[in-house]
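Okay, structure first, notes after.
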Amino acid sequence: ASRSEEQPSLESVGLCTRGGRAAAAAAAAMSSVTEDVRNVLANEESLRYEEEISRNPYLLDSWLKYLEFKKDGKLAGKSIADKRYRILVNTYERALVHLHKMPRIWLDYCAVLAKLKRGTLTRRTFDRALQALPITQHDRVWNLYLEWVRDFGVKDTAIRVYRRYLQYDPQHREEFVDYLESAGSVEEAAQQLAVCVNDDDFVSPGGHSKHQLWMRLCDMCAKHPKEVSGSLKVDAIIRSGLARFTDEVGRLWCKLADYYIRMGQFERARDIYEEGINSVTTVRDFTAIFDAYAQFEESVISAKMQQEEEDDDEEEDEEEEDMDVEGND
């Protein structure tokens, strides 16, 4: 026989491998179902619930009682690694085949998955719930979804989920800003806050006025200049605040100068202080700017004196080392 007849082709080997994997997956699934059936048959009360459900699989009450029985009766105080949790998950999936329009089933199921710390499955189940339920029910899902994603601790996932949520309800953008700031994503927090400030129809759920939101944006820009300077025109933002909020002129001039100080542009900061002193019209604003200017100059002088002292100490150490070398020679 020829060599080609003795050895199987690569194509036939690949087909056998894929076929073997598919068969193994089917066998594993069948084994899981068989185990679930065995567990049901071994428990008379479970069998009673199964019989009731089989008579009317669309009855919500029957499914809720069965699921509560499995959770409270079988898993109370058990570890999340207990294999009976897998049976509970399978039971929820069975319930959703018939009751996928019932938010109660989805919410309970997502709460169980969150407890099991199964991140990817939990996220996908929340997404399935949003796809299956009418939009009038989405509020209930989003509340639990956002609570879970904040506690889960994966920042990138939380940010993506919040962006989707804002497409559903843009009025909660300020909540997204709070999360971003707490998570250290200052650049996007400033961008989202700028959207709130520029939207005339935006109403803060927390009851904050436009003035408060604007001052928060200015604070964020002044304290984190390197993070926000690439995406926002900080100088223009703060100067527009100078024209809009005349009762905060002194404070805004100081924030603009502070922005340039943190950027390391000291000469530009001096120009801002001088411009502010020459433009304000009240004693309060003049005093605020003058005190900040004086404190800035004092800190610069102190830093220079400290640097000179360190340089002198280094020179003295070098001279002593040179003298030691000459003495040894």
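Going by the structure tokens order, chains are called A, B, ..., each with residues numbered from 1, while ligands are numbered from 1 in the order shown.
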DSSP helix (DSSP H, G or I) residues within region 29-230 of chain A, listed as a ChimeraX atom specification: /A:29-41,44-55,60-74,84-98,103-115,119-132,135-152,155-168,170-183,186-198,210-223,225-228
Neighbour list for Arg173 (chain A) as a ChimeraX atom specification, cut-off 10 Å, only C-alpha atoms, skip fewer than 2 positions in-chain: /A:162-163,165-167,169-171,175-179,189,192-193,195-196,202-205
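Between His211 (chain A) and the candidates A:Thr246, A:Ser299, A:Asn278, A:Asn143, the tightest atom-to-atom separation, counting only C-alpha atoms, involves A:Thr246.
Closest to Trp214 (chain A) among A:Ala303, A:Leu67, A:Ala190, A:Ala288 is A:Ala190, based on only C-alpha atoms.
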Separation of CA of Ala257 (chain A) from CA of Pro225 (chain A) in Å: 11.3 Å
Spatial neighbours of Ser240 (chain A), 12 Å, only C-alpha atoms, chain gap at least 6 places, as a list in words: Val197, Asn198, Trp214, Met215, Cys218, Lys233, Val234, Thr246, Glu248, Val249, Leu252, Trp253 and Leu256 of chain A
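Atom to atom, CA of Ala132 (chain A) and CA of His100 (chain A) stand 6.4 Å apart.
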Nearby residues (only C-alpha atoms) at most 12 Å from Val89 (chain A), same-chain spacing under 3 positions excluded, as number ranges by chain: A: 32, 36, 67, 70-71, 80, 82-86, 92-96, 105-106, 108-116, 118, 121-122, 125
File dump, residues just selected, N, CA and C atoms, as a JSON list (two decimals), in the first residue's frame:
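Resulting contents of result.json:
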[["chain", "number", "residue", "atom", "x", "y", "z"],
["A", 32, "SER", "N", -24.55, 16.60, 32.98],
["A", 32, "SER", "CA", -25.08, 17.63, 33.90],
["A", 32, "SER", "C", -26.59, 17.50, 34.05],
["A", 36, "ASP", "N", -28.82, 16.52, 37.39],
["A", 36, "ASP", "CA", -29.92, 17.34, 37.89],
["A", 36, "ASP", "C", -31.18, 16.50, 38.07],
["A", 67, "LEU", "N", -37.87, 27.96, 43.29],
["A", 67, "LEU", "CA", -36.54, 28.59, 43.40],
["A", 67, "LEU", "C", -36.23, 28.98, 44.84],
["A", 70, "LYS", "N", -35.15, 25.91, 46.67],
["A", 70, "LYS", "CA", -33.79, 25.50, 46.37],
["A", 70, "LYS", "C", -32.76, 26.41, 47.04],
["A", 71, "LYS", "N", -33.08, 27.71, 47.10],
["A", 71, "LYS", "CA", -32.13, 28.65, 47.71],
["A", 71, "LYS", "C", -32.12, 28.53, 49.23],
["A", 80, "ILE", "N", -20.23, 29.18, 48.33],
["A", 80, "ILE", "CA", -20.59, 29.43, 46.93],
["A", 80, "ILE", "C", -19.98, 28.39, 46.00],
["A", 82, "ASP", "N", -20.37, 25.23, 46.48],
["A", 82, "ASP", "CA", -21.23, 24.04, 46.55],
["A", 82, "ASP", "C", -21.83, 23.75, 45.18],
["A", 83, "LYS", "N", -21.78, 22.47, 44.78],
["A", 83, "LYS", "CA", -22.24, 22.09, 43.44],
["A", 83, "LYS", "C", -23.74, 22.30, 43.26],
["A", 84, "ARG", "N", -24.48, 22.41, 44.38],
["A", 84, "ARG", "CA", -25.92, 22.63, 44.27],
["A", 84, "ARG", "C", -26.26, 24.02, 43.73],
["A", 85, "TYR", "N", -25.28, 24.94, 43.80],
["A", 85, "TYR", "CA", -25.51, 26.25, 43.18],
["A", 85, "TYR", "C", -25.61, 26.11, 41.66],
["A", 86, "ARG", "N", -24.85, 25.16, 41.10],
["A", 86, "ARG", "CA", -24.95, 24.94, 39.66],
["A", 86, "ARG", "C", -26.34, 24.44, 39.29],
["A", 92, "TYR", "N", -32.88, 28.27, 37.19],
["A", 92, "TYR", "CA", -33.23, 29.62, 36.72],
["A", 92, "TYR", "C", -33.29, 29.67, 35.20],
["A", 93, "GLU", "N", -32.34, 29.02, 34.56],
["A", 93, "GLU", "CA", -32.34, 29.02, 33.09],
["A", 93, "GLU", "C", -33.59, 28.33, 32.55],
["A", 94, "ARG", "N", -34.00, 27.27, 33.21],
["A", 94, "ARG", "CA", -35.23, 26.59, 32.80],
["A", 94, "ARG", "C", -36.44, 27.50, 32.97],
["A", 95, "ALA", "N", -36.46, 28.22, 34.07],
["A", 95, "ALA", "CA", -37.60, 29.13, 34.33],
["A", 95, "ALA", "C", -37.68, 30.21, 33.27],
["A", 96, "LEU", "N", -36.52, 30.71, 32.84],
["A", 96, "LEU", "CA", -36.49, 31.81, 31.87],
["A", 96, "LEU", "C", -36.93, 31.36, 30.48],
["A", 105, "ILE", "N", -37.90, 37.16, 37.94],
["A", 105, "ILE", "CA", -37.00, 36.02, 37.71],
["A", 105, "ILE", "C", -35.61, 36.52, 37.35],
["A", 106, "TRP", "N", -35.55, 37.49, 36.44],
["A", 106, "TRP", "CA", -34.25, 38.02, 36.01],
["A", 106, "TRP", "C", -33.49, 38.64, 37.18],
["A", 108, "ASP", "N", -33.80, 38.14, 40.46],
["A", 108, "ASP", "CA", -33.36, 37.13, 41.43],
["A", 108, "ASP", "C", -32.18, 36.33, 40.89],
["A", 109, "TYR", "N", -32.24, 36.01, 39.61],
["A", 109, "TYR", "CA", -31.16, 35.24, 38.98],
["A", 109, "TYR", "C", -29.86, 36.04, 38.99],
["A", 110, "CYS", "N", -29.93, 37.31, 38.62],
["A", 110, "CYS", "CA", -28.72, 38.15, 38.61],
["A", 110, "CYS", "C", -28.15, 38.31, 40.02],
["A", 111, "ALA", "N", -29.03, 38.41, 41.02],
["A", 111, "ALA", "CA", -28.56, 38.52, 42.40],
["A", 111, "ALA", "C", -27.82, 37.25, 42.83],
["A", 112, "VAL", "N", -28.30, 36.10, 42.41],
["A", 112, "VAL", "CA", -27.62, 34.84, 42.73],
["A", 112, "VAL", "C", -26.26, 34.78, 42.06],
["A", 113, "LEU", "N", -26.20, 35.16, 40.78],
["A", 113, "LEU", "CA", -24.92, 35.12, 40.06],
["A", 113, "LEU", "C", -23.91, 36.11, 40.66],
["A", 114, "ALA", "N", -24.41, 37.27, 41.10],
["A", 114, "ALA", "CA", -23.53, 38.24, 41.74],
["A", 114, "ALA", "C", -22.94, 37.67, 43.02],
["A", 115, "LYS", "N", -23.75, 36.95, 43.77],
["A", 115, "LYS", "CA", -23.27, 36.31, 45.00],
["A", 115, "LYS", "C", -22.21, 35.26, 44.69],
["A", 116, "LEU", "N", -22.35, 34.58, 43.56],
["A", 116, "LEU", "CA", -21.39, 33.54, 43.17],
["A", 116, "LEU", "C", -20.09, 34.10, 42.60],
["A", 118, "ARG", "N", -19.48, 35.36, 39.72],
["A", 118, "ARG", "CA", -19.25, 34.94, 38.33],
["A", 118, "ARG", "C", -19.45, 36.15, 37.43],
["A", 121, "LEU", "N", -20.54, 35.85, 33.45],
["A", 121, "LEU", "CA", -21.90, 35.30, 33.34],
["A", 121, "LEU", "C", -22.92, 36.30, 33.90],
["A", 122, "THR", "N", -22.57, 36.98, 34.98],
["A", 122, "THR", "CA", -23.49, 37.97, 35.56],
["A", 122, "THR", "C", -23.72, 39.11, 34.58],
["A", 125, "THR", "N", -25.88, 38.02, 31.74],
["A", 125, "THR", "CA", -27.27, 37.80, 32.15],
["A", 125, "THR", "C", -28.00, 39.13, 32.30]]
Interatomic distance, CA of Trp142 (chain A) to CA of Arg128 (chain A) (Å, one decimal): 12.2 Å
For Asp291 (chain A), please output as an mmCIF file with all heavy atoms, in the first residue's frame all residues within 12 Å (counting only C-alpha atoms; exclusion window: fewer than 4 positions along the same chain).
data_model
loop_
_atom_site.group_PDB
_atom_site.id
_atom_site.type_symbol
_atom_site.label_atom_id
_atom_site.label_comp_id
_atom_site.auth_asym_id
_atom_site.auth_seq_id
_atom_site.Cartn_x
_atom_site.Cartn_y
_atom_site.Cartn_z
ATOM 1 N N GLY A 250 -12.610 86.368 42.077
ATOM 2 C CA GLY A 250 -11.331 86.179 42.751
ATOM 3 C C GLY A 250 -10.938 84.722 42.854
ATOM 4 O O GLY A 250 -9.787 84.352 42.602
ATOM 5 N N ARG A 251 -11.898 83.892 43.208
ATOM 6 C CA ARG A 251 -11.629 82.458 43.338
ATOM 7 C C ARG A 251 -11.253 81.836 41.999
ATOM 8 O O ARG A 251 -10.352 80.998 41.918
ATOM 9 C CB ARG A 251 -12.879 81.789 43.909
ATOM 10 C CG ARG A 251 -12.724 80.320 44.231
ATOM 11 C CD ARG A 251 -14.021 79.786 44.814
ATOM 12 N NE ARG A 251 -14.020 78.339 44.892
ATOM 13 C CZ ARG A 251 -15.073 77.605 45.165
ATOM 14 N NH1 ARG A 251 -16.236 78.197 45.399
ATOM 15 N NH2 ARG A 251 -15.004 76.283 45.223
ATOM 16 N N CYS A 254 -7.701 82.684 40.925
ATOM 17 C CA CYS A 254 -6.744 81.865 41.679
ATOM 18 C C CYS A 254 -6.679 80.444 41.129
ATOM 19 O O CYS A 254 -5.599 79.838 41.069
ATOM 20 C CB CYS A 254 -7.125 81.842 43.162
ATOM 21 S SG CYS A 254 -6.919 83.418 44.003
ATOM 22 N N TYR A 273 -1.950 86.106 37.832
ATOM 23 C CA TYR A 273 -2.166 86.838 39.083
ATOM 24 C C TYR A 273 -2.202 88.350 38.825
ATOM 25 O O TYR A 273 -3.067 89.063 39.349
ATOM 26 C CB TYR A 273 -1.061 86.514 40.083
ATOM 27 C CG TYR A 273 -1.258 85.211 40.825
ATOM 28 C CD1 TYR A 273 -0.251 84.235 40.830
ATOM 29 C CD2 TYR A 273 -2.420 84.957 41.539
ATOM 30 C CE1 TYR A 273 -0.421 83.040 41.521
ATOM 31 C CE2 TYR A 273 -2.593 83.760 42.229
ATOM 32 C CZ TYR A 273 -1.593 82.808 42.216
ATOM 33 O OH TYR A 273 -1.761 81.631 42.905
ATOM 34 N N ILE A 277 -5.374 90.849 39.499
ATOM 35 C CA ILE A 277 -5.290 91.993 40.410
ATOM 36 C C ILE A 277 -5.723 93.281 39.716
ATOM 37 O O ILE A 277 -6.393 94.141 40.295
ATOM 38 C CB ILE A 277 -3.856 92.111 40.970
ATOM 39 C CG1 ILE A 277 -3.594 90.984 41.980
ATOM 40 C CG2 ILE A 277 -3.619 93.479 41.621
ATOM 41 C CD1 ILE A 277 -2.169 90.906 42.461
ATOM 42 N N VAL A 283 -12.845 94.584 47.013
ATOM 43 C CA VAL A 283 -11.752 94.354 47.964
ATOM 44 C C VAL A 283 -11.605 92.870 48.265
ATOM 45 O O VAL A 283 -10.491 92.353 48.394
ATOM 46 C CB VAL A 283 -12.023 95.145 49.265
ATOM 47 C CG1 VAL A 283 -10.972 94.816 50.318
ATOM 48 C CG2 VAL A 283 -12.056 96.637 48.995
ATOM 49 N N ARG A 284 -12.731 92.163 48.367
ATOM 50 C CA ARG A 284 -12.678 90.728 48.662
ATOM 51 C C ARG A 284 -11.921 89.962 47.591
ATOM 52 O O ARG A 284 -11.035 89.139 47.896
ATOM 53 C CB ARG A 284 -14.112 90.175 48.778
ATOM 54 C CG ARG A 284 -14.166 88.729 49.260
ATOM 55 C CD ARG A 284 -15.556 88.162 49.126
ATOM 56 N NE ARG A 284 -15.946 88.025 47.717
ATOM 57 C CZ ARG A 284 -17.067 87.441 47.323
ATOM 58 N NH1 ARG A 284 -17.927 86.972 48.204
ATOM 59 N NH2 ARG A 284 -17.361 87.351 46.037
ATOM 60 N N ASP A 285 -12.226 90.219 46.316
ATOM 61 C CA ASP A 285 -11.538 89.524 45.223
ATOM 62 C C ASP A 285 -10.064 89.912 45.174
ATOM 63 O O ASP A 285 -9.189 89.049 44.965
ATOM 64 C CB ASP A 285 -12.216 89.852 43.892
ATOM 65 C CG ASP A 285 -13.620 89.261 43.794
ATOM 66 O OD1 ASP A 285 -13.884 88.261 44.483
ATOM 67 O OD2 ASP A 285 -14.444 89.810 43.036
ATOM 68 N N PHE A 286 -9.772 91.210 45.372
ATOM 69 C CA PHE A 286 -8.380 91.662 45.353
ATOM 70 C C PHE A 286 -7.589 90.963 46.457
ATOM 71 O O PHE A 286 -6.464 90.488 46.233
ATOM 72 C CB PHE A 286 -8.323 93.179 45.536
ATOM 73 C CG PHE A 286 -6.920 93.718 45.617
ATOM 74 C CD1 PHE A 286 -6.214 94.029 44.466
ATOM 75 C CD2 PHE A 286 -6.302 93.892 46.854
ATOM 76 C CE1 PHE A 286 -4.911 94.509 44.537
ATOM 77 C CE2 PHE A 286 -4.998 94.378 46.932
ATOM 78 C CZ PHE A 286 -4.311 94.684 45.767
ATOM 79 N N THR A 287 -8.168 90.882 47.644
ATOM 80 C CA THR A 287 -7.476 90.254 48.780
ATOM 81 C C THR A 287 -7.217 88.777 48.505
ATOM 82 O O THR A 287 -6.122 88.265 48.801
ATOM 83 C CB THR A 287 -8.321 90.405 50.060
ATOM 84 O OG1 THR A 287 -8.577 91.792 50.291
ATOM 85 C CG2 THR A 287 -7.593 89.814 51.258
ATOM 86 N N GLN A 295 1.558 84.009 48.589
ATOM 87 C CA GLN A 295 1.882 82.655 49.040
ATOM 88 C C GLN A 295 2.655 81.897 47.967
ATOM 89 O O GLN A 295 3.596 81.155 48.274
ATOM 90 C CB GLN A 295 0.588 81.924 49.389
ATOM 91 C CG GLN A 295 0.806 80.554 50.019
ATOM 92 C CD GLN A 295 -0.488 79.887 50.419
ATOM 93 O OE1 GLN A 295 -1.564 80.459 50.255
ATOM 94 N NE2 GLN A 295 -0.407 78.691 50.961
ATOM 95 N N PHE A 296 2.278 82.090 46.718
ATOM 96 C CA PHE A 296 2.994 81.446 45.608
ATOM 97 C C PHE A 296 4.436 81.922 45.543
ATOM 98 O O PHE A 296 5.373 81.115 45.442
ATOM 99 C CB PHE A 296 2.273 81.748 44.296
ATOM 100 C CG PHE A 296 3.099 81.527 43.072
ATOM 101 C CD1 PHE A 296 3.530 80.248 42.724
ATOM 102 C CD2 PHE A 296 3.467 82.593 42.257
ATOM 103 C CE1 PHE A 296 4.307 80.038 41.586
ATOM 104 C CE2 PHE A 296 4.243 82.392 41.132
ATOM 105 C CZ PHE A 296 4.660 81.114 40.803
ATOM 106 N N GLU A 297 4.666 83.252 45.622
ATOM 107 C CA GLU A 297 6.027 83.782 45.554
ATOM 108 C C GLU A 297 6.851 83.311 46.746
ATOM 109 O O GLU A 297 8.050 83.006 46.607
ATOM 110 C CB GLU A 297 5.992 85.313 45.507
ATOM 111 C CG GLU A 297 5.435 85.886 44.214
ATOM 112 C CD GLU A 297 6.337 85.626 43.022
ATOM 113 O OE1 GLU A 297 7.412 85.002 43.186
ATOM 114 O OE2 GLU A 297 5.969 86.007 41.896
ATOM 115 N N GLU A 298 6.234 83.240 47.905
ATOM 116 C CA GLU A 298 6.948 82.769 49.102
ATOM 117 C C GLU A 298 7.390 81.317 48.938
ATOM 118 O O GLU A 298 8.509 80.947 49.315
ATOM 119 C CB GLU A 298 6.035 82.918 50.320
ATOM 120 C CG GLU A 298 6.709 82.533 51.622
ATOM 121 C CD GLU A 298 5.787 82.693 52.814
ATOM 122 O OE1 GLU A 298 4.703 83.289 52.660
ATOM 123 O OE2 GLU A 298 6.152 82.218 53.912
#
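For the choices A:Arg216, A:Ser231, A:Pro134, A:Ser279, the atom-to-atom distance to Gln191 (chain A) is smallest for A:Ser231 when using only C-alpha atoms.
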Nearest to Arg124 (chain A) by atom-to-atom distance, counting only C-alpha atoms, from A:Ser62, A:Thr157, A:Leu99, A:Leu180: A:Thr157
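Shortest separation to Asp247 (chain A) among A:Thr281, A:Gly276, A:Glu267, A:Glu181 occurs at residue A:Thr281, atoms counted being only C-alpha atoms.
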